[in-house]
$ cat protein-v9.cif   # mmCIF, C-alpha atoms and all ligand atoms
data_data
loop_
_atom_site.label_atom_id
_atom_site.label_comp_id
_atom_site.auth_asym_id
_atom_site.auth_seq_id
_atom_site.Cartn_x
_atom_site.Cartn_y
_atom_site.Cartn_z
CA MET A 1 83.68 -98.48 7.01
CA GLY A 2 85.85 -98.98 3.98
CA THR A 3 85.09 -97.80 0.51
CA PRO A 4 83.17 -99.97 -1.90
CA ARG A 5 85.58 -102.02 -3.92
CA LYS A 6 83.31 -102.29 -6.94
CA PRO A 7 81.60 -99.25 -8.43
CA ILE A 8 77.91 -99.07 -7.80
CA GLU A 9 75.85 -99.10 -10.95
CA ALA A 10 72.40 -97.71 -11.55
CA PRO A 11 69.88 -100.02 -9.91
CA THR A 12 67.44 -102.19 -11.76
CA PRO A 13 63.92 -102.16 -10.28
CA GLU A 14 64.43 -105.74 -9.04
CA GLN A 15 67.68 -104.87 -7.36
CA GLN A 16 66.14 -101.80 -5.76
CA ALA A 17 63.21 -103.87 -4.47
CA PHE A 18 65.59 -106.53 -3.15
CA LEU A 19 67.52 -103.93 -1.18
CA GLU A 20 64.44 -102.19 0.19
CA LYS A 21 62.92 -105.47 1.34
CA ALA A 22 66.19 -106.56 2.92
CA MET A 23 66.46 -103.31 4.88
CA ALA A 24 62.81 -103.38 5.95
CA ASP A 25 62.78 -107.04 7.03
CA TYR A 26 66.30 -107.52 8.35
CA GLY A 27 67.56 -104.05 9.20
CA ALA A 28 66.98 -104.46 12.94
CA SER A 29 68.52 -107.94 13.03
CA VAL A 30 71.61 -106.77 11.17
CA TYR A 31 71.96 -103.67 13.32
CA ASN A 32 71.57 -105.63 16.57
CA PHE A 33 74.04 -108.25 15.43
CA ALA A 34 76.54 -105.52 14.56
CA TYR A 35 75.89 -103.75 17.84
CA ARG A 36 76.49 -106.91 19.87
CA LEU A 37 79.67 -107.61 17.96
CA THR A 38 81.10 -104.14 18.44
CA SER A 39 79.40 -102.94 21.67
CA ASN A 40 79.34 -99.57 19.95
CA GLU A 41 76.54 -97.67 18.23
CA ALA A 42 78.62 -95.75 15.70
CA ASP A 43 80.48 -98.87 14.56
CA ALA A 44 77.20 -100.78 14.40
CA ARG A 45 75.67 -98.11 12.16
CA ASP A 46 78.67 -98.08 9.83
CA MET A 47 78.74 -101.87 9.63
CA THR A 48 75.00 -102.04 8.95
CA GLN A 49 75.28 -99.48 6.17
CA GLU A 50 78.23 -101.28 4.61
CA ALA A 51 76.40 -104.60 4.93
CA PHE A 52 73.40 -103.33 2.95
CA LEU A 53 75.63 -101.79 0.30
CA ARG A 54 77.23 -105.22 -0.10
CA VAL A 55 73.79 -106.84 -0.15
CA TYR A 56 72.91 -104.44 -2.95
CA ARG A 57 76.04 -105.13 -4.98
CA ALA A 58 75.99 -108.89 -4.41
CA TRP A 59 72.24 -109.40 -4.61
CA ARG A 60 72.50 -111.90 -7.45
CA SER A 61 74.74 -114.15 -5.37
CA PHE A 62 71.96 -114.82 -2.88
CA GLN A 63 70.45 -118.24 -3.51
CA PRO A 64 66.67 -118.27 -3.14
CA GLY A 65 65.51 -120.94 -0.74
CA THR A 66 68.44 -120.45 1.62
CA SER A 67 68.35 -118.34 4.77
CA PHE A 68 68.62 -114.68 3.93
CA LEU A 69 69.58 -113.80 7.50
CA ALA A 70 72.42 -116.32 7.50
CA TRP A 71 73.61 -114.87 4.18
CA ILE A 72 73.63 -111.32 5.46
CA TYR A 73 75.18 -112.38 8.79
CA ARG A 74 78.02 -113.83 6.79
CA ILE A 75 78.42 -110.45 5.09
CA VAL A 76 78.44 -108.69 8.48
CA THR A 77 80.96 -111.20 9.82
CA ASN A 78 83.25 -110.48 6.87
CA ILE A 79 82.97 -106.74 7.39
CA TYR A 80 83.71 -107.21 11.08
CA ARG A 81 86.77 -109.32 10.34
CA ASP A 82 88.03 -106.81 7.76
CA GLU A 83 87.50 -103.99 10.20
CA LEU A 84 89.35 -105.77 13.00
CA ARG A 85 92.18 -106.46 10.62
CA ARG A 86 92.27 -102.83 9.50
CA ARG A 87 92.24 -101.47 13.04
CA LYS A 88 94.81 -103.80 14.44
CA GLY A 89 97.01 -103.82 11.39
CA ARG A 90 97.45 -107.47 12.17
CA TYR A 91 95.04 -110.28 12.85
CA GLN A 92 95.53 -113.59 14.55
CA GLU A 93 93.61 -116.20 12.56
CA GLU A 94 94.07 -118.56 15.45
CA ILE A 95 93.24 -116.52 18.49
CA PRO A 96 94.35 -117.58 21.93
CA GLU A 97 91.12 -119.16 23.15
CA ASP A 98 91.82 -118.55 26.83
CA ASN A 99 92.82 -114.98 26.17
CA ALA A 100 92.61 -111.98 28.44
CA PRO A 101 89.59 -109.72 27.98
CA GLN A 102 89.89 -107.37 25.03
CA GLU A 103 87.88 -104.64 23.43
CA TYR A 104 86.67 -104.35 19.87
CA GLY A 105 89.61 -103.22 17.83
CA GLY A 106 91.17 -101.63 20.88
CA ASP A 107 89.92 -98.13 20.05
CA ARG A 108 86.36 -97.82 21.25
CA PRO A 109 85.23 -94.22 21.54
CA LEU A 110 85.51 -92.98 25.09
CA ALA A 111 82.09 -91.38 25.15
CA THR A 112 79.21 -93.69 25.91
CA SER A 113 75.87 -93.25 24.18
CA PRO A 114 72.52 -93.00 26.00
CA ILE A 115 71.79 -96.58 24.94
CA GLU A 116 75.08 -97.78 26.33
CA GLU A 117 74.38 -95.92 29.54
CA TYR A 118 71.00 -97.59 29.71
CA VAL A 119 72.56 -100.97 29.20
CA GLU A 120 75.18 -100.21 31.81
CA ARG A 121 72.46 -99.40 34.32
CA SER A 122 70.30 -102.37 33.49
CA LEU A 123 70.44 -105.89 34.81
CA SER A 124 72.25 -106.94 31.67
CA GLU A 125 75.25 -104.84 32.48
CA PRO A 126 77.46 -107.71 33.72
CA VAL A 127 76.56 -109.75 30.60
CA SER A 128 77.20 -106.80 28.34
CA ARG A 129 80.60 -106.20 29.89
CA ALA A 130 81.42 -109.89 29.90
CA LEU A 131 80.58 -110.16 26.18
CA ALA A 132 82.74 -107.13 25.44
CA GLY A 133 85.54 -108.86 27.32
CA LEU A 134 85.59 -111.85 24.98
CA ALA A 135 87.83 -112.18 21.97
CA PRO A 136 85.95 -111.05 18.83
CA GLU A 137 85.91 -114.59 17.40
CA GLN A 138 84.44 -115.96 20.61
CA ARG A 139 81.91 -113.16 20.88
CA GLN A 140 80.53 -113.71 17.40
CA VAL A 141 80.13 -117.43 18.01
CA VAL A 142 78.25 -116.78 21.28
CA ILE A 143 75.97 -114.25 19.56
CA LEU A 144 75.22 -116.57 16.66
CA ALA A 145 74.93 -119.83 18.60
CA ASP A 146 73.30 -118.60 21.81
CA ILE A 147 71.43 -115.41 21.04
CA ASP A 148 70.43 -116.17 17.45
CA GLU A 149 70.30 -119.93 18.15
CA TYR A 150 72.06 -121.10 15.04
CA SER A 151 73.33 -124.68 14.98
CA TYR A 152 77.06 -125.46 14.97
CA GLN A 153 76.85 -126.13 11.23
CA GLU A 154 75.07 -122.86 10.54
CA VAL A 155 77.54 -120.88 12.65
CA ALA A 156 80.41 -122.61 10.85
CA ASP A 157 78.90 -121.59 7.49
CA ILE A 158 78.43 -117.99 8.59
CA VAL A 159 81.80 -117.54 10.23
CA GLY A 160 83.68 -119.66 7.70
CA CYS A 161 85.32 -122.23 9.94
CA SER A 162 84.87 -125.87 10.92
CA ILE A 163 82.18 -127.24 13.24
CA GLY A 164 84.95 -128.33 15.60
CA THR A 165 86.24 -124.77 15.82
CA VAL A 166 82.75 -123.44 16.49
CA ARG A 167 82.20 -126.02 19.19
CA SER A 168 85.47 -125.34 20.99
CA ARG A 169 85.14 -121.55 20.64
CA LEU A 170 81.62 -121.63 22.00
CA HIS A 171 82.58 -123.81 24.89
CA ARG A 172 85.57 -121.69 25.87
CA ALA A 173 83.59 -118.50 25.37
CA ARG A 174 80.82 -119.70 27.66
CA HIS A 175 83.32 -120.78 30.26
CA GLN A 176 84.89 -117.32 30.09
CA LEU A 177 81.48 -115.63 30.19
CA ARG A 178 80.45 -117.39 33.38
CA ARG A 179 83.65 -116.28 35.02
CA LEU A 180 83.34 -112.68 33.81
CA VAL A 181 79.63 -112.34 34.63
CA GLN A 182 80.34 -113.46 38.16
CA LEU A 183 83.26 -111.05 38.39
CA TYR A 184 81.25 -108.05 37.16
CA ARG A 185 78.31 -108.92 39.38
CA GLN A 186 80.58 -108.92 42.39
CA SER A 187 82.17 -105.62 41.40
CA ALA A 188 78.72 -104.07 40.84
CA SER A 189 77.35 -105.01 44.25
CA MET B 1 76.09 -144.09 38.85
CA ASN B 2 76.97 -146.55 36.11
CA GLU B 3 78.71 -144.06 33.79
CA GLU B 4 81.23 -141.25 33.83
CA HIS B 5 79.91 -137.71 34.14
CA LEU B 6 79.28 -135.77 30.96
CA SER B 7 82.09 -133.40 30.05
CA PRO B 8 81.04 -129.71 29.92
CA GLU B 9 81.35 -129.89 26.11
CA GLN B 10 79.09 -132.96 25.95
CA LEU B 11 76.60 -131.30 28.25
CA LEU B 12 76.51 -128.20 26.05
CA ASP B 13 76.10 -130.36 22.94
CA TYR B 14 73.32 -132.23 24.74
CA LEU B 15 71.53 -129.01 25.72
CA ARG B 16 71.83 -127.68 22.20
CA GLY B 17 70.49 -130.91 20.69
CA GLU B 18 73.71 -131.43 18.76
CA LEU B 19 74.28 -135.04 19.89
CA ALA B 20 73.52 -138.07 17.74
CA PRO B 21 70.26 -139.80 18.79
CA GLU B 22 71.86 -142.66 20.77
CA GLU B 23 74.32 -140.32 22.53
CA ASP B 24 71.46 -137.98 23.27
CA ALA B 25 69.43 -140.77 24.88
CA ARG B 26 72.40 -141.81 26.99
CA ALA B 27 73.04 -138.24 28.14
CA TYR B 28 69.37 -137.80 29.00
CA ALA B 29 69.36 -140.94 31.14
CA HIS B 30 72.55 -139.90 32.89
CA VAL B 31 71.52 -136.32 33.71
CA ALA B 32 68.18 -137.57 35.06
CA GLU B 33 70.05 -139.58 37.68
CA CYS B 34 73.20 -137.50 38.30
CA ALA B 35 72.96 -134.47 40.64
CA THR B 36 76.43 -133.25 39.65
CA CYS B 37 75.61 -133.15 35.96
CA ARG B 38 72.19 -131.63 36.67
CA CYS B 39 73.92 -128.89 38.63
CA GLU B 40 76.26 -128.21 35.70
CA GLN B 41 73.27 -128.33 33.37
CA ASP B 42 71.47 -125.70 35.46
CA GLU B 43 74.52 -123.43 35.29
CA GLN B 44 74.63 -123.75 31.52
CA VAL B 45 70.90 -123.07 31.21
CA ARG B 46 71.22 -120.00 33.45
CA LEU B 47 73.95 -118.57 31.24
CA SER B 48 71.80 -119.10 28.16
CA GLU B 49 68.89 -117.35 29.91
CA LEU B 50 71.16 -114.46 30.86
CA LEU B 51 72.27 -114.08 27.26
CA HIS B 52 68.68 -114.08 26.04
CA GLU B 53 67.74 -111.55 28.69
CA TYR B 54 70.65 -109.35 27.56
CA ALA B 55 69.51 -109.72 23.95
CA ARG B 56 65.94 -108.70 24.82
CA GLN B 57 67.06 -105.69 26.81
CA THR B 58 69.44 -104.42 24.16
CA GLU B 59 67.11 -105.10 21.21
CA ARG B 60 66.51 -101.92 19.21
CA PRO B 61 65.43 -100.86 15.73
CA MET B 62 67.90 -99.95 13.06
CA PRO B 63 68.56 -96.18 13.23
CA GLN B 64 66.54 -94.28 10.59
CA GLY B 65 69.64 -92.62 9.18
CA VAL B 66 71.06 -95.93 7.97
CA VAL B 67 68.38 -96.51 5.33
CA ALA B 68 68.69 -92.91 4.15
CA SER B 69 72.46 -93.06 3.85
CA VAL B 70 72.41 -96.41 2.02
CA ARG B 71 69.93 -94.93 -0.46
CA SER B 72 71.95 -91.76 -0.92
CA VAL B 73 75.19 -93.66 -1.57
CA ILE B 74 73.43 -95.69 -4.25
CA GLU B 75 71.64 -92.68 -5.77
CA ALA B 76 74.83 -90.66 -5.89
CA ALA B 77 76.60 -93.51 -7.67
CA ALA B 78 73.69 -94.11 -10.02
CA THR B 79 73.31 -90.45 -11.03
CA ARG B 80 77.00 -90.06 -11.80
CA PRO B 81 77.24 -90.95 -15.51
CA PRO B 82 80.32 -92.50 -17.07
CA PHE B 83 83.04 -90.19 -18.39
CA LEU B 84 82.01 -90.27 -22.09
CA LEU B 85 78.42 -89.42 -21.22
CA ARG B 86 79.64 -86.52 -19.11
CA LEU B 87 81.83 -85.35 -22.00
CA ARG B 88 78.88 -85.55 -24.40
CA SER B 89 76.75 -83.50 -22.04
CA VAL B 90 79.36 -80.72 -22.20
CA LEU B 91 78.97 -80.66 -26.00
CA ARG B 92 75.21 -80.08 -25.93
CA PRO B 93 74.14 -76.61 -27.35
CA ALA B 94 72.98 -75.44 -23.91
CA PHE B 95 76.55 -75.80 -22.72
CA ALA B 96 78.47 -75.43 -25.97
CA VAL B 97 77.10 -72.02 -27.07
CA PRO B 98 77.85 -70.10 -23.85
CA LEU B 99 81.16 -71.92 -23.67
CA ALA B 100 82.10 -70.78 -27.21
CA VAL B 101 81.03 -67.19 -26.44
CA ALA B 102 83.09 -67.18 -23.26
CA VAL B 103 86.16 -68.48 -25.09
CA LEU B 104 85.73 -65.83 -27.83
CA LEU B 105 85.39 -62.99 -25.32
CA LEU B 106 88.42 -64.15 -23.45
CA ALA B 107 90.38 -64.33 -26.71
CA LEU B 108 89.40 -60.76 -27.63
CA LEU B 109 90.48 -59.51 -24.24
CA VAL B 110 93.81 -61.27 -24.20
CA GLN B 111 94.49 -61.02 -27.98
CA PRO B 112 97.09 -63.73 -28.01
CA TRP B 113 97.80 -63.18 -31.75
CA ARG B 114 99.13 -59.64 -31.13
CA PRO B 115 102.81 -59.35 -30.40
CA ALA B 116 103.57 -58.21 -26.93
CA LEU B 117 103.73 -54.41 -26.68
CA ALA B 118 107.28 -53.25 -27.22
CA PRO B 119 108.28 -50.22 -25.17
CA ALA B 120 107.62 -47.17 -27.30
CA PRO B 121 110.73 -45.37 -28.43
CA THR B 122 111.51 -42.41 -26.26
CA LEU B 123 113.65 -39.51 -27.25
CA ASN B 124 115.25 -37.01 -25.03
CA ALA B 125 113.68 -33.94 -26.59
CA THR B 126 115.60 -31.50 -24.43
CA ALA B 127 118.93 -32.92 -25.51
CA LEU B 128 117.75 -32.95 -29.14
CA LEU B 129 116.63 -29.34 -28.99
CA SER B 130 119.78 -28.10 -27.28
CA ASP B 131 121.85 -30.10 -29.82
CA HIS B 132 119.85 -28.47 -32.60
CA ALA B 133 120.29 -25.02 -31.07
CA ALA B 134 124.05 -25.64 -30.81
CA MET B 135 124.21 -26.93 -34.38
CA ALA B 136 122.04 -24.10 -35.63
CA HIS B 137 124.73 -21.70 -34.52
CA VAL B 138 127.43 -23.51 -36.43
CA LEU B 139 125.36 -24.71 -39.40
CA PRO B 140 122.37 -22.43 -39.67
CA PHE B 141 119.20 -23.91 -41.13
CA SER B 142 119.71 -24.10 -44.89
CA GLN B 143 122.64 -21.89 -45.62
CA GLY B 144 122.49 -19.72 -42.58
CA ASN B 145 118.77 -18.87 -42.77
CA ALA B 146 117.01 -18.92 -39.45
CA LEU B 147 114.30 -21.57 -39.04
CA PRO B 148 110.88 -19.98 -39.38
CA SER B 149 109.17 -19.86 -35.99
CA VAL B 150 106.09 -21.85 -37.26
CA LEU B 151 108.27 -24.79 -38.31
CA GLU B 152 110.26 -24.65 -35.12
CA HIS B 153 107.03 -25.05 -33.11
CA ARG B 154 105.74 -27.97 -35.22
CA ARG B 155 108.99 -29.87 -34.83
CA LEU B 156 108.97 -29.36 -31.11
CA SER B 157 105.42 -30.76 -30.71
CA ARG B 158 106.31 -33.85 -32.82
CA VAL B 159 109.28 -34.56 -30.61
CA GLN B 160 107.09 -34.24 -27.54
CA THR B 161 104.62 -36.93 -28.71
CA TYR B 162 107.47 -39.45 -28.71
CA THR B 163 108.18 -38.80 -25.07
CA LEU B 164 104.68 -39.93 -23.99
CA GLY B 165 105.78 -43.56 -23.97
CA PRO B 166 103.79 -46.85 -24.03
CA SER B 167 100.66 -45.59 -22.29
CA ALA B 168 100.01 -43.25 -25.20
CA ASN B 169 100.19 -46.17 -27.62
CA ARG B 170 97.76 -48.19 -25.52
CA ILE B 171 95.29 -45.32 -25.39
CA ALA B 172 95.59 -45.02 -29.14
CA ASP B 173 94.91 -48.77 -29.55
CA ALA B 174 91.88 -48.71 -27.31
CA SER B 175 90.30 -45.80 -29.15
CA ARG B 176 90.80 -47.51 -32.49
ZN ZN C 1 77.10 -136.94 36.11
#
$ encode --input "protein-v9.cif" --output "structure tokens" --more "lines below"
Ligand SMILES: [Zn+2]
Amino acid sequence: MGTPRKPIEAPTPEQQAFLEKAMADYGASVYNFAYRLTSNEADARDMTQEAFLRVYRAWRSFQPGTSFLAWIYRIVTNIYRDELRRRKGRYQEEIPEDNAPQEYGGDRPLATSPIEEYVERSLSEPVSRALAGLAPEQRQVVILADIDEYSYQEVADIVGCSIGTVRSRLHRARHQLRRLVQLYRQSAS
Amino acid sequence: MNEEHLSPEQLLDYLRGELAPEEDARAYAHVAECATCRCEQDEQVRLSELLHEYARQTERPMPQGVVASVRSVIEAAATRPPFLLRLRSVLRPAFAVPLAVAVLLLALLVQPWRPALAPAPTLNATALLSDHAAMAHVLPFSQGNALPSVLEHRRLSRVQTYTLGPSANRIADASR
């Protein structure tokens, strides 16, 4: 998922320890966040790997005493935005909030993984499909605000937008989700 | 009902605890008395529960391969020394001595200081001999004396060595 922009230098023991602790403590959270953003295992893996390489390179920019998870979520969010931009070749900063359902980047692999199949079969299937049907910017706000329970301010800091934007995106996303969940439940039964 | 209903946005803010204390108290009092807003509140809560249920069901550990590949990217970058260090490593005796020997051997084989082999001169011995025979009739060897047979043979063999061409020269060089 993109090549590192800065060369990687030989690690100091502190830097190595920082990375190892980050992967051990937050690896699952980062991977799950990436998976929910992309609805795709391979993309989630690539994004997680890239996220930890950026954590490694930028380790000095983390401010002790602040939330590490919020810091790394911001990194993942940036990677996700870059990737969307790369795949689309264009990127609407202001997305149509009441948009039609769309997939991540528009080129999801056709094959579904065993995990995806499991999710499809499970009770969460309508929610999973509904989330995948949201615009990426709406989806990430729902994941951060609802699933990870960050406040509007925290989501705004992670995503890099205003509280007002978070609030309106979340509201529209939830409105859309209710509609889509109902739709997919009806089509499943 | 002494107030307007809460807007869906206000209700969400209320549920998330994002309202200022006095607004929050007002919303609480309203929802407690308003069936319509309670109904909307229940819908919102159900969606949040669905999302949490989805999150629980899709929760999984980070794949093992991710840690390994992050480490290998960093190790590969860390073990690749800068250009000058790599150049210096080439100049160490362990590398430099075999390298010098190889260059020397190659030089001996190619011999770039030798001029390229010119094609050896070739003579048409048959023509020469027939010319000589013709001339010998007109101008006999040294005032009409016939050429002694021993000399005639030696001259013939010398002429023949010229006709061997470049390969003979190369064989001669190699045996030197
Ligand atoms: Zn009401």
$ closest_residue --input "protein-v9.cif" --among "B:Cys37, B:Leu12, B:Leu105, B:Ala27" --to "ligand ZN 1 (chain C)" --atoms "all atoms listed in the file"
B:Cys37
$ residues_near_ligand --input "protein-v9.cif" --ligand "ligand ZN 1 (chain C)" --cutoff "10 Å" --atoms "all atoms listed in the file" --output "PyMOL selection string"
chain B and resi 1-7+11+27+30-41
$ atom_distance --input "protein-v9.cif" --atom1 "atom CA of Lys21 of chain A" --atom2 "atom CA of Tyr35 of chain A"
21.1 Å
$ closest_residue --input "protein-v9.cif" --among "B:Ser48, B:Gln111, B:Ser72, B:Gln10" --to "chain A" --atoms "all atoms listed in the file"
B:Ser48
$ closest_atom_pairs --input "protein-v9.cif" --of "chain A" --to "chain B" --cutoff "7 Å" --atoms "all atoms listed in the file" --output "tab-separated table"
residue	atom	partner	partner_atom	distance
A:Ile8	CA	B:Ala77	CA	5.7
A:Glu9	CA	B:Ala78	CA	5.5
A:Ala10	CA	B:Ala78	CA	4.1
A:Gly27	CA	B:Met62	CA	5.6
A:Ala28	CA	B:Met62	CA	4.6
A:Tyr31	CA	B:Met62	CA	5.5
A:Asn32	CA	B:Glu59	CA	6.5
A:Arg45	CA	B:Val66	CA	6.6
A:Gln49	CA	B:Val66	CA	5.8
A:Leu53	CA	B:Val70	CA	6.5
A:Val119	CA	B:Thr58	CA	6.9
A:Ser124	CA	B:Tyr54	CA	5.0
A:Val127	CA	B:Tyr54	CA	6.7
A:Asp146	CA	B:Ser48	CA	6.5
A:Ile147	CA	B:His52	CA	5.9
A:His171	CA	B:Glu9	CA	6.3
A:Arg178	CA	B:Leu47	CA	6.9
$ closest_residue --input "protein-v9.cif" --among "A:Gln176, A:Gln140, A:Ser187, A:Thr165" --to "Arg36 of chain A" --atoms "all atoms listed in the file"
A:Gln140
$ closest_residue --input "protein-v9.cif" --among "B:Leu104, B:Leu19, B:Tyr28, B:Val45" --to "Arg174 of chain A" --atoms "all atoms listed in the file"
B:Val45
$ residues_around --input "protein-v9.cif" --residues "segment 58-60 of chain A" --least-positions-apart "4" --cutoff "10 Å" --atoms "only C-alpha atoms" --output "ChimeraX atom specification"
/A:14-16,18-19,52-54,64,75
$ atom_distance --input "protein-v9.cif" --atom1 "atom CA of Asp24 of chain B" --atom2 "atom CA of Ile158 of chain A"
25.8 Å
$ atom_distance --input "protein-v9.cif" --atom1 "atom CA of Pro136 of chain A" --atom2 "atom CA of Ala70 of chain A"
18.4 Å
$ residues_around --input "protein-v9.cif" --residues "Arg167 of chain A" --least-positions-apart "6" --cutoff "10 Å" --atoms "all atoms listed in the file" --output "PyMOL selection string"
(chain A and resi 141+145+151-153+155-156+173) or (chain B and resi 9+12-13)
